[in-house]
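Dumped input.cif below, it's mmCIF, C-alpha atoms:
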```cif
data_work
#
loop_
_atom_site.group_PDB
_atom_site.id
_atom_site.type_symbol
_atom_site.label_atom_id
_atom_site.label_comp_id
_atom_site.auth_asym_id
_atom_site.auth_seq_id
_atom_site.Cartn_x
_atom_site.Cartn_y
_atom_site.Cartn_z
ATOM 1 C CA VAL J 1 18.604 -3.507 11.275
ATOM 2 C CA GLU J 2 16.009 -4.154 13.976
ATOM 3 C CA VAL J 3 15.134 -0.453 14.095
ATOM 4 C CA GLU J 4 14.545 -0.489 10.325
ATOM 5 C CA MET J 5 12.386 -3.622 10.695
ATOM 6 C CA LYS J 6 10.309 -1.993 13.443
ATOM 7 C CA GLU J 7 9.819 1.246 11.487
ATOM 8 C CA CYS J 8 8.724 -0.671 8.419
ATOM 9 C CA PHE J 9 6.439 -2.942 10.470
ATOM 10 C CA ASP J 10 4.844 0.060 12.182
ATOM 11 C CA LEU J 11 4.017 1.662 8.819
ATOM 12 C CA PHE J 12 1.854 -1.350 8.002
ATOM 13 C CA ASP J 13 0.450 -1.710 11.539
ATOM 14 C CA ARG J 14 -2.326 0.761 10.811
ATOM 15 C CA ASP J 15 -4.221 0.316 14.085
ATOM 16 C CA ALA J 16 -1.039 0.254 16.211
ATOM 17 C CA ASP J 17 -1.920 -3.055 17.854
ATOM 18 C CA GLY J 18 1.535 -4.547 17.303
ATOM 19 C CA LYS J 19 0.337 -6.800 14.481
ATOM 20 C CA ILE J 20 0.089 -6.755 10.712
ATOM 21 C CA GLU J 21 -2.184 -8.793 8.500
ATOM 22 C CA ALA J 22 -0.584 -12.041 7.319
ATOM 23 C CA LYS J 23 -1.564 -11.174 3.740
ATOM 24 C CA GLN J 24 0.727 -8.111 3.984
ATOM 25 C CA LEU J 25 3.810 -10.140 4.916
ATOM 26 C CA GLY J 26 5.357 -10.181 1.424
ATOM 27 C CA GLU J 27 4.746 -6.476 0.888
ATOM 28 C CA VAL J 28 6.301 -5.566 4.256
ATOM 29 C CA LEU J 29 9.344 -7.775 3.675
ATOM 30 C CA ARG J 30 9.828 -6.302 0.211
ATOM 31 C CA SER J 31 9.614 -2.844 1.764
ATOM 32 C CA LEU J 32 12.676 -3.843 3.759
ATOM 33 C CA GLY J 33 14.454 -4.485 0.478
ATOM 34 C CA GLN J 34 14.138 -8.243 0.444
ATOM 35 C CA ILE J 35 13.737 -9.788 -2.963
ATOM 36 C CA LEU J 36 11.090 -12.447 -2.587
ATOM 37 C CA ILE J 37 9.039 -14.353 -5.082
ATOM 38 C CA GLU J 38 5.499 -15.393 -4.297
ATOM 39 C CA LYS J 39 6.658 -18.941 -3.521
ATOM 40 C CA ASP J 40 8.944 -17.563 -0.773
ATOM 41 C CA VAL J 41 6.083 -15.569 0.700
ATOM 42 C CA VAL J 42 3.734 -18.567 0.633
ATOM 43 C CA GLU J 43 6.326 -20.632 2.519
ATOM 44 C CA LEU J 44 6.739 -17.923 5.157
ATOM 45 C CA ARG J 45 2.972 -17.502 5.536
ATOM 46 C CA LYS J 46 2.643 -21.204 6.328
ATOM 47 C CA GLU J 47 4.469 -20.455 9.571
ATOM 48 C CA VAL J 48 1.969 -17.803 10.602
ATOM 49 C CA VAL J 49 -0.879 -18.984 12.809
ATOM 50 C CA GLY J 50 -4.046 -17.069 12.059
ATOM 51 C CA ASP J 51 -4.514 -13.880 10.069
ATOM 52 C CA LEU J 52 -2.176 -11.617 12.052
ATOM 53 C CA VAL J 53 1.595 -11.465 12.513
ATOM 54 C CA ALA J 54 3.118 -10.003 15.701
ATOM 55 C CA PHE J 55 6.383 -8.076 15.462
ATOM 56 C CA ASP J 56 8.449 -10.831 17.118
ATOM 57 C CA LYS J 57 7.272 -13.371 14.530
ATOM 58 C CA PHE J 58 7.820 -10.850 11.743
ATOM 59 C CA LYS J 59 11.359 -10.184 12.979
ATOM 60 C CA GLU J 60 12.067 -13.925 13.024
ATOM 61 C CA LEU J 61 10.764 -14.366 9.474
ATOM 62 C CA ALA J 62 12.539 -11.241 8.167
ATOM 63 C CA SER J 63 15.862 -12.365 9.639
ATOM 64 C CA ARG J 64 15.877 -15.570 7.613
ATOM 65 C CA LYS J 65 16.603 -13.888 4.316
ATOM 66 C CA PRO J 66 18.798 -10.883 4.993
ATOM 67 C CA ARG J 67 19.661 -8.534 2.173
ATOM 68 C CA GLN J 68 22.738 -9.501 0.191
ATOM 69 C CA PRO J 69 23.071 -6.572 -2.203
ATOM 70 C CA GLU J 70 26.245 -7.671 -4.001
ATOM 71 C CA LYS J 71 24.951 -11.187 -4.619
ATOM 72 C CA GLN J 72 21.511 -9.927 -5.661
ATOM 73 C CA SER J 73 23.008 -7.312 -7.976
ATOM 74 C CA LYS J 74 25.224 -9.846 -9.734
ATOM 75 C CA ALA J 75 22.363 -12.319 -10.175
ATOM 76 C CA LEU J 76 20.051 -9.651 -11.586
ATOM 77 C CA MET J 77 22.680 -8.374 -14.033
ATOM 78 C CA GLN J 78 23.283 -11.911 -15.275
ATOM 79 C CA ALA J 79 19.550 -12.426 -15.749
ATOM 80 C CA PHE J 80 19.224 -9.220 -17.785
ATOM 81 C CA GLU J 81 22.231 -10.091 -19.919
ATOM 82 C CA VAL J 82 20.553 -13.347 -20.988
ATOM 83 C CA PHE J 83 17.772 -11.309 -22.610
ATOM 84 C CA ASP J 84 20.065 -8.603 -24.011
ATOM 85 C CA LYS J 85 21.067 -10.491 -27.158
ATOM 86 C CA ILE J 86 22.784 -7.550 -28.876
ATOM 87 C CA GLY J 87 24.362 -6.011 -25.785
ATOM 88 C CA THR J 88 22.544 -2.667 -25.681
ATOM 89 C CA GLY J 89 22.392 -2.598 -21.893
ATOM 90 C CA GLN J 90 18.707 -1.687 -22.130
ATOM 91 C CA VAL J 91 15.435 -3.454 -21.517
ATOM 92 C CA ASP J 92 11.910 -2.562 -22.584
ATOM 93 C CA MET J 93 9.740 -2.407 -19.461
ATOM 94 C CA SER J 94 6.777 -4.142 -21.141
ATOM 95 C CA GLU J 95 9.111 -6.953 -22.229
ATOM 96 C CA LEU J 96 10.535 -7.125 -18.713
ATOM 97 C CA GLN J 97 7.041 -7.381 -17.245
ATOM 98 C CA HIS J 98 6.208 -10.177 -19.669
ATOM 99 C CA ILE J 99 9.387 -12.051 -18.727
ATOM 100 C CA VAL J 100 8.963 -11.811 -14.958
ATOM 101 C CA THR J 101 5.258 -12.612 -15.002
ATOM 102 C CA SER J 102 5.420 -15.566 -17.374
ATOM 103 C CA MET J 103 8.768 -17.339 -16.973
ATOM 104 C CA GLY J 104 10.435 -19.246 -14.163
ATOM 105 C CA GLU J 105 9.233 -18.365 -10.698
ATOM 106 C CA LYS J 106 6.666 -15.830 -11.765
ATOM 107 C CA LEU J 107 5.781 -12.514 -10.202
ATOM 108 C CA SER J 108 2.207 -11.366 -10.474
ATOM 109 C CA ALA J 109 1.582 -8.262 -12.596
ATOM 110 C CA GLN J 110 0.774 -6.409 -9.350
ATOM 111 C CA GLU J 111 4.071 -7.483 -7.765
ATOM 112 C CA PHE J 112 5.936 -6.226 -10.822
ATOM 113 C CA GLN J 113 4.110 -2.883 -10.648
ATOM 114 C CA ASP J 114 4.808 -2.641 -6.904
ATOM 115 C CA ILE J 115 8.515 -3.270 -7.459
ATOM 116 C CA CYS J 116 8.644 -0.658 -10.243
ATOM 117 C CA LYS J 117 6.843 1.853 -8.044
ATOM 118 C CA ALA J 118 9.113 1.176 -5.052
ATOM 119 C CA ALA J 119 12.189 1.534 -7.252
ATOM 120 C CA GLY J 120 10.889 4.668 -8.971
ATOM 121 C CA LEU J 121 10.869 3.032 -12.406
ATOM 122 C CA ALA J 122 8.515 4.008 -15.203
ATOM 123 C CA PRO J 123 6.229 1.084 -16.113
ATOM 124 C CA SER J 124 6.787 1.612 -19.851
ATOM 125 C CA GLY J 125 9.539 2.566 -22.303
ATOM 126 C CA SER J 126 13.155 1.437 -22.295
ATOM 127 C CA VAL J 127 15.526 1.701 -19.392
ATOM 128 C CA GLU J 128 19.151 0.777 -18.835
ATOM 129 C CA TYR J 129 19.003 -2.404 -16.828
ATOM 130 C CA ARG J 130 21.983 -1.337 -14.697
ATOM 131 C CA GLN J 131 19.635 1.409 -13.429
ATOM 132 C CA VAL J 132 16.922 -1.166 -12.747
ATOM 133 C CA VAL J 133 19.359 -3.348 -10.802
ATOM 134 C CA ASP J 134 20.735 -0.399 -8.824
ATOM 135 C CA LYS J 135 17.261 0.862 -7.940
ATOM 136 C CA VAL J 136 15.865 -2.545 -7.014
ATOM 137 C CA ILE J 137 18.881 -3.343 -4.839
ATOM 138 C CA LYS J 138 18.758 0.055 -3.110
ATOM 139 C CA ALA J 139 14.952 0.139 -2.795
#
```
Conversion result in structure tokens:
Amino acid sequence: VEVEMKECFDLFDRDADGKIEAKQLGEVLRSLGQILIEKDVVELRKEVVGDLVAFDKFKELASRKPRQPEKQSKALMQAFEVFDKIGTGQVDMSELQHIVTSMGEKLSAQEFQDICKAAGLAPSGSVEYRQVVDKVIKA
């Protein structure tokens, strides 16, 4: 796990100084497969002093919310099923974007697009939400 963290961190450490920009924290953690909402990221950023995050601090922050694929998969499937009134097993991506950017703990439109891109999902059309869950969990 630490090797994966370091590889991911190094991809974002563009000048190889052992630090990433604090504003990149959410993006780097999501690249590790963590499912974070903006509120989570804001809370983590409060613990960062200054504009840069060293690897040791990053590792500490990343370790707080380890991936739990089975739990995350179940929660996501349940969320999709709430919106699948007739049981088609599909979701329209524009409807999904509207839901996740306007209800509950909202994602920004950019976060939604980033997640779709990372998971290899088309930003429009219909998709089986089991595929969405599988891709997001494995991303």
Point-to-point distance in Å for CA of Glu60 in chain J and CA of Lys74 in chain J: 26.6 Å
Polymer residues at most 12 Å from Ile99 in chain J, all atoms listed in the file, same-chain spacing of 6 or more positions, as an MDAnalysis selection string: chainID J and resid 79:80 82:83 91:93 105:109 112
Write out as number ranges by chain the residues lying within 9 Å of Leu36 in chain J, counting only C-alpha atoms and excluding same-chain residues fewer than 5 positions away. J: 26, 29-30, 41, 65
Can those selected residues be exported to a file as a PDB file, in the coordinates of the input so that it contains C-alpha atoms?
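That gives us part.pdb:
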```pdb
ATOM      1  CA  GLY J  26       5.357 -10.181   1.424  1.00  0.00           C
ATOM      2  CA  LEU J  29       9.344  -7.775   3.675  1.00  0.00           C
ATOM      3  CA  ARG J  30       9.828  -6.302   0.211  1.00  0.00           C
ATOM      4  CA  VAL J  41       6.083 -15.569   0.700  1.00  0.00           C
ATOM      5  CA  LYS J  65      16.603 -13.888   4.316  1.00  0.00           C
TER       6      LYS J  65
END
```
For Lys19 in chain J, the nearest of the candidates J:Asp134, J:Glu128, J:Asp51, J:Glu7, counting all atoms listed in the file: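 Under the stated criterion, the closest residue is J:Asp51.
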From the list J:Cys8, J:Val133, J:Ile20, J:Val3, the nearest residue to Lys71 in chain J using all atoms listed in the file is J:Val133
To test the calculation: enclose all listed atoms of range 24-27 of chain J in a box whose edges run along x, y and z, add 5 Å on each side, then state centre and edge lengths in Å to one decimal, as AutoDock Vina command-line options.
```
--center_x 3.0 --center_y -8.3 --center_z 2.9 --size_x 14.6 --size_y 13.7 --size_z 14.0
```
Do you have the CA of Gln97 in chain J-CA of Ala62 in chain J distance handy?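 Between these atoms lies a distance of 26.3 Å.
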Going by the chain IDs and residue numbers used in this file, which residues fall under the PyMOL selection byres ((chain J and resi 55) around 9)? Write them as a ChimeraX atom specification. /J:5-6,9-10,18-20,53-54,56-60
CA of Ala22 in chain J and CA of Leu52 in chain J are how many Å apart?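 That distance, rounded to one decimal, is 5.0 Å.
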Using only C-alpha atoms, can you list as a list of chain:residue names the residues within 8 Å of (4.3, -12.7, 1.9)?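 Nearby residues: J:Ala22, J:Lys23, J:Gln24, J:Leu25, J:Gly26, J:Glu27, J:Val28, J:Leu29, J:Glu38, J:Asp40, J:Val41, J:Val42, J:Leu44, J:Arg45.
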Smallest atom-to-atom distance to Arg130 in chain J: which of J:Gln72, J:Ser63, J:Ser31, J:Gln90, using all atoms listed in the file?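 Answer, going by the shortest atom-to-atom distance: J:Gln90.
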Selection in question (the file shown): the PyMOL selection byres ((chain J and resi 124) around 8). Which residues does it include, as a list in words?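 Evaluating the PyMOL selection byres ((chain J and resi 124) around 8) on these coordinates yields Asp92, Met93, Ser94, Ala122, Pro123, Gly125 and Ser126 of chain J.
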Preceding selection exported with C-alpha atoms as a short mmCIF file (atom, residue, chain, number, x, y, z; two decimals), keeping the file's coordinate frame:
```cif
data_model
loop_
_atom_site.label_atom_id
_atom_site.label_comp_id
_atom_site.auth_asym_id
_atom_site.auth_seq_id
_atom_site.Cartn_x
_atom_site.Cartn_y
_atom_site.Cartn_z
CA ASP J 92 11.91 -2.56 -22.58
CA MET J 93 9.74 -2.41 -19.46
CA SER J 94 6.78 -4.14 -21.14
CA ALA J 122 8.52 4.01 -15.20
CA PRO J 123 6.23 1.08 -16.11
CA GLY J 125 9.54 2.57 -22.30
CA SER J 126 13.16 1.44 -22.30
#
```
Selection in question (the file shown): the PyMOL selection byres ((chain J and resi 118) around 10). Which residues does it include, as a list in words? Arg30, Ser31, Gly33, Phe112, Gln113, Asp114, Ile115, Cys116, Lys117, Ala119, Gly120, Leu121, Lys135, Val136, Lys138 and Ala139 of chain J
Grab the residues selected above and save them as a PDB file, keeping the file's coordinate frame with C-alpha atoms.
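Generated output (part_30.pdb):
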```
ATOM      1  CA  ARG J  30       9.828  -6.302   0.211  1.00  0.00           C
ATOM      2  CA  SER J  31       9.614  -2.844   1.764  1.00  0.00           C
ATOM      3  CA  GLY J  33      14.454  -4.485   0.478  1.00  0.00           C
ATOM      4  CA  PHE J 112       5.936  -6.226 -10.822  1.00  0.00           C
ATOM      5  CA  GLN J 113       4.110  -2.883 -10.648  1.00  0.00           C
ATOM      6  CA  ASP J 114       4.808  -2.641  -6.904  1.00  0.00           C
ATOM      7  CA  ILE J 115       8.515  -3.270  -7.459  1.00  0.00           C
ATOM      8  CA  CYS J 116       8.644  -0.658 -10.243  1.00  0.00           C
ATOM      9  CA  LYS J 117       6.843   1.853  -8.044  1.00  0.00           C
ATOM     10  CA  ALA J 119      12.189   1.534  -7.252  1.00  0.00           C
ATOM     11  CA  GLY J 120      10.889   4.668  -8.971  1.00  0.00           C
ATOM     12  CA  LEU J 121      10.869   3.032 -12.406  1.00  0.00           C
ATOM     13  CA  LYS J 135      17.261   0.862  -7.940  1.00  0.00           C
ATOM     14  CA  VAL J 136      15.865  -2.545  -7.014  1.00  0.00           C
ATOM     15  CA  LYS J 138      18.758   0.055  -3.110  1.00  0.00           C
ATOM     16  CA  ALA J 139      14.952   0.139  -2.795  1.00  0.00           C
TER      17      ALA J 139
END
```
Pick the closest to Glu4 in chain J from J:Ile137, J:Gly50, J:Leu96, J:Leu32: which is it, counting only C-alpha atoms?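 The shortest atom-to-atom distance to Glu4 in chain J comes from J:Leu32.
With only C-alpha atoms as the basis for measurement, J:Val48 is the residue among J:Val100, J:Thr88, J:Val48, J:Ala75 that approaches Glu21 in chain J most closely.
Shortest atom-to-atom contact with Ile37 in chain J among J:His98, J:Met77, J:Arg67, J:Gly104: J:Gly104, counting only C-alpha atoms.
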